[in-house]
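Let me begin by presenting the structure, written as structure tokens, before commenting on it.
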Amino acid sequence: MLWRLTFQLIPLAALGAAVVFGVLPLRLPRRWLWLSVAVLALAFSKFAVFAVVGGDAFTPMLPAPVIWALGWAYGAAMFYALFAGVAWAVDLLPLLVRRPVGLRFRRIRAVALAAAAVALASWGIFEGVRTPPTRSVEVVFDDLPAEFDGYRIVHLSDLHCSSAAREPRFRRIVDRVNALEPDLVAITGDFVDGLPADRQDDLSPLRSLRARDGVVGCTGNHEMYWRWDRWCDVLIGFGIVFPEKTGPVEIRRGESSIFVGGMRDRAFFCRREDWRADGAFAGVPADAFRVLLCHRPFTAATGAAEAGVSLQLSGHTHGGAMPLLSLLVARFNEGHVRGLFEFAPGRFLHVSPGTGQWAGFPLRILNRAEITVIVLRRR
């Protein structure tokens with residue numbers, strides 16, 4: 001696959017940049033030069049080590065501390081390559097006035113940049129590994145039935161159960177969710193990175209999720225990669241309802257109802273034009289309040305407004321991971337990275353920054369994972 005090749009080529013390019021911009025200008029003795037290159041090469045070899053030793057470049061069968069340690073080293077090396085490239089560009093400016101930067105200064109600065117890179121990667125790994133905090137968001141609608149004023153949906157997304165995210169993590173997440181006493185729990189895809197035989201027990205705490213109206217979910221792109229035909233039965237056995245499979249779910253309060261529909265991820269469709277929101281609400285009254293579960297935060301491409309969706313819950317972006325990278329993520333997700341968006345008058349999209357973290361990119365900078373409580377309000 002092209003994207004797998006991309007993840008192998010990026011570290012090679014970054015290694016070259018780190019050596020050219022961050023090592024060679026220091027004019028180190030040969031022994032220290034080769035040692036520096038070797039350390040950087042080892043740090044950038046994360047995906048290769050995962051593939052050779054762990055069996056898969058993105059979901060290695062390795063102990064979690066090893067996966068996080070390699071992720072930390074890879075992140076630190078990436079940051080150093082970036083910092084060194086900026087420093088090299090800045091050094092070109094004094095050359096215009098014929099006052100080159102001194103070697104001693106470059107060496108001291110390299111140590112400082114390396115320390116900053118290590119510290120930043122350490123912070124990023126901490127944010128990626130820790131149990132996500134809870135955040136509350138109120139969304140006000142004109143057409144919400146009065147009986148549902150104050151209705152509370154806990155939104156989870158991108159759990160990414162893997163050898164790096166095991167059963168204790170999900171037990172802690174479930175305990176936090178249950179303490180919130182929600183009306184509904186919605187999980188918008190990317191449950192797993194692995195096969196049921198390997199990861200079913202780790203994800204089993206989801207059986208214990210408790211909500212007045214149950215737990216609903218939809219598929220993400222990672223379900224396509226890991227035998228959704230097998231995982232579907234497992235997750236249904238955990239008590240999770242998939243409207244994309246069962247049809248829209250009606251939730252009643254007195255004489256009023258809201259309907260929850262779900263879409264399969266676009267990875268399951270051969271043609272993009274078949275990926276449409278209107279199919280998620282077959283048979284639902286035209287004036288009904290509709291909540292759509294869709295892994296990717298697309299509203300224009302799916303025709304969410306035309307389908308009468310009042311609230312769409314999505315994930316997929318991981319909140320953009322960190323500043324600057326989030327700009328690229330926004331470019332490929334209709335500008336939606338994290339938080340609440342009004343995609344049409346009175347119609348809203350909530351994009352979860354993710355409740356878990358993919359082992360292939362475990363860092364979060366200024367971008368916390370979260371358990372989101374969405375409170376529906378009638379204007």
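If you're wondering about the labels, chains in the structure tokens are A, B, ... by order shown, residues count from 1 in each chain, ligands from 1 in order shown.
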
Which of segment 34-199 of chain A DSSP labels alpha helix (DSSP H), written as a PyMOL selection string: chain A and resi 34-43+46-53+64-96+103-129+167-179+196-199

Using only C-alpha atoms, tabulate the residues of segment 214-286 of chain A lying at most 12 Å from any atom of segment 128-144 of chain A, each with its closest atom pair and that distance in Å to one decimal, by chain and increasing residue number, as a Markdown table.
| residue | atom | partner | partner_atom | distance |
| --- | --- | --- | --- | --- |
| A:Arg253 | CA | A:Leu144 | CA | 11.9 |
| A:Ser256 | CA | A:Leu144 | CA | 9.7 |
| A:Ser257 | CA | A:Leu144 | CA | 9.5 |
| A:Ile258 | CA | A:Leu144 | CA | 8.4 |
| A:Phe259 | CA | A:Leu144 | CA | 11.4 |

Write a file of the just-selected residues containing C-alpha atoms, as a PDB file, in the first residue's frame.
ATOM      1  CA  ARG A 253     -39.190   9.952  25.995  1.00  0.00           C
ATOM      2  CA  SER A 256     -41.375  12.108  21.574  1.00  0.00           C
ATOM      3  CA  SER A 257     -38.469  10.367  19.862  1.00  0.00           C
ATOM      4  CA  ILE A 258     -35.027  10.985  18.490  1.00  0.00           C
ATOM      5  CA  PHE A 259     -33.362   8.647  16.000  1.00  0.00           C
TER       6      PHE A 259
END

Selected residue, from A:Leu82, A:Phe126, A:Ala321, A:Gln200, that lies nearest to Asp233 of chain A when counting only C-alpha atoms: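 Selected residue with least distance to Asp233 of chain A: A:Gln200.
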
Residues near Pro323 of chain A, cut-off 10 Å, only C-alpha atoms, skip fewer than 4 positions along chain, as JSON, numbers by chain: {"A": [319, 327, 328, 364, 365, 366, 367]}

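With only C-alpha atoms as the atoms that count, the minimum distance from Trp226 of chain A to the choices A:Arg107, A:Arg199, A:Lys245, A:Arg207 is reached by A:Arg199.
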
Interatomic distance, atom CA of Glu255 of chain A to atom CA of Phe242 of chain A (Å, one decimal): 24.4 Å

Distance of atom CA of His160 of chain A from atom CA of Leu42 of chain A, expressed in Å to one decimal place: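 Interatomic distance, atom CA of Leu42 of chain A to atom CA of His160 of chain A: 25.8 Å.
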
Distance table requested - segment 157-242 of chain A against segment 294-297 of chain A, cut-off 6 Å, only C-alpha atoms: one row per qualifying residue with the closest atom pair and its distance in Å to one decimal, ordered by chain and rising residue number, as a tab-separated table.
residue	atom	partner	partner_atom	distance
A:Thr188	CA	A:His295	CA	5.1
A:Gly189	CA	A:His295	CA	5.4
A:Gly220	CA	A:His295	CA	5.3

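Between atom CA of Leu15 of chain A and atom CA of Ala81 of chain A the interatomic distance comes to 7.3 Å.
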
Selection: 9 Å around Arg109 of chain A, only C-alpha atoms, excl. self and same-chain fewer than 5 positions, as a ChimeraX atom specification: /A:87,104,114

Can you write out the residues you just picked, keeping all heavy atoms, as a short mmCIF file (atom, residue, chain, number, x, y, z; two decimals), in the first residue's frame?
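Output contents, as saved in selection-v6.cif:
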data_model
loop_
_atom_site.label_atom_id
_atom_site.label_comp_id
_atom_site.auth_asym_id
_atom_site.auth_seq_id
_atom_site.Cartn_x
_atom_site.Cartn_y
_atom_site.Cartn_z
N ALA A 87 17.24 25.87 12.55
CA ALA A 87 18.49 26.51 12.97
C ALA A 87 19.44 26.69 11.78
O ALA A 87 20.10 27.73 11.66
CB ALA A 87 19.16 25.66 14.06
N ARG A 104 31.47 26.82 18.30
CA ARG A 104 31.12 26.58 19.71
C ARG A 104 29.65 26.87 19.97
O ARG A 104 28.96 26.11 20.65
CB ARG A 104 32.00 27.44 20.62
CG ARG A 104 31.80 27.18 22.10
CD ARG A 104 32.89 27.86 22.91
NE ARG A 104 32.72 27.60 24.33
CZ ARG A 104 32.03 28.37 25.16
NH1 ARG A 104 31.42 29.46 24.69
NH2 ARG A 104 31.93 28.06 26.44
N ALA A 114 18.48 19.39 21.23
CA ALA A 114 18.25 17.98 21.52
C ALA A 114 17.48 17.81 22.82
O ALA A 114 16.55 17.00 22.91
CB ALA A 114 19.58 17.23 21.58
#

Backbone-only DSSP, strand (DSSP E) members of segment 42-157 of chain A, as a ChimeraX atom specification: /A:134-141,151-156

Non-local contacts of Trp275 of chain A (8 Å; only C-alpha atoms; under 3 positions in same chain excluded) as number ranges by chain: A: 266, 269, 271-272, 302

Spatial neighbours of segment 213-218 of chain A, max dist 6 Å, only C-alpha atoms, sep filter under 4 positions, as a PyMOL selection string: chain A and resi 183-189+240-242+262

Expected file contents, prior selection, C-alpha atoms, as a PDB file, in the first residue's frame:
ATOM      1  CA  ASP A 183     -28.290   8.605  28.742  1.00  0.00           C
ATOM      2  CA  LEU A 184     -26.393   7.215  25.743  1.00  0.00           C
ATOM      3  CA  VAL A 185     -22.829   6.206  24.901  1.00  0.00           C
ATOM      4  CA  ALA A 186     -21.746   6.691  21.268  1.00  0.00           C
ATOM      5  CA  ILE A 187     -18.457   5.245  19.956  1.00  0.00           C
ATOM      6  CA  THR A 188     -17.526   6.538  16.509  1.00  0.00           C
ATOM      7  CA  GLY A 189     -15.147   3.969  15.106  1.00  0.00           C
ATOM      8  CA  ILE A 240     -22.931  -2.370  21.357  1.00  0.00           C
ATOM      9  CA  VAL A 241     -25.635  -1.646  18.768  1.00  0.00           C
ATOM     10  CA  PHE A 242     -24.547  -0.673  15.255  1.00  0.00           C
ATOM     11  CA  GLY A 262     -24.949   5.117  11.602  1.00  0.00           C
TER      12      GLY A 262
END

Quick one: residues within 7 Å of Ala277 of chain A, only C-alpha atoms, excluding same-chain residues fewer than 3 positions away - as a CSV table (one decimal) with C-alpha atoms, in the first residue's frame?
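New file out_12.csv:
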chain,number,residue,atom,x,y,z
A,263,MET,CA,-22.7,5.0,8.5
A,280,ALA,CA,-28.7,5.9,7.5
A,302,THR,CA,-22.0,12.8,2.7
A,303,GLY,CA,-24.9,15.3,2.3
A,304,ALA,CA,-25.6,15.4,6.0
A,307,ALA,CA,-30.3,14.1,5.0

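Compared by their closest atoms to Val192 of chain A, and using only C-alpha atoms, the residues A:Glu334, A:Asp158, A:Glu147, A:Glu167 rank with A:Asp158 nearest.
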
Among listed residues A:Pro196, A:Pro11, A:Gly54, A:Pro205, nearest Cys232 of chain A (using only C-alpha atoms):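 Nearest to Cys232 of chain A: A:Pro196.
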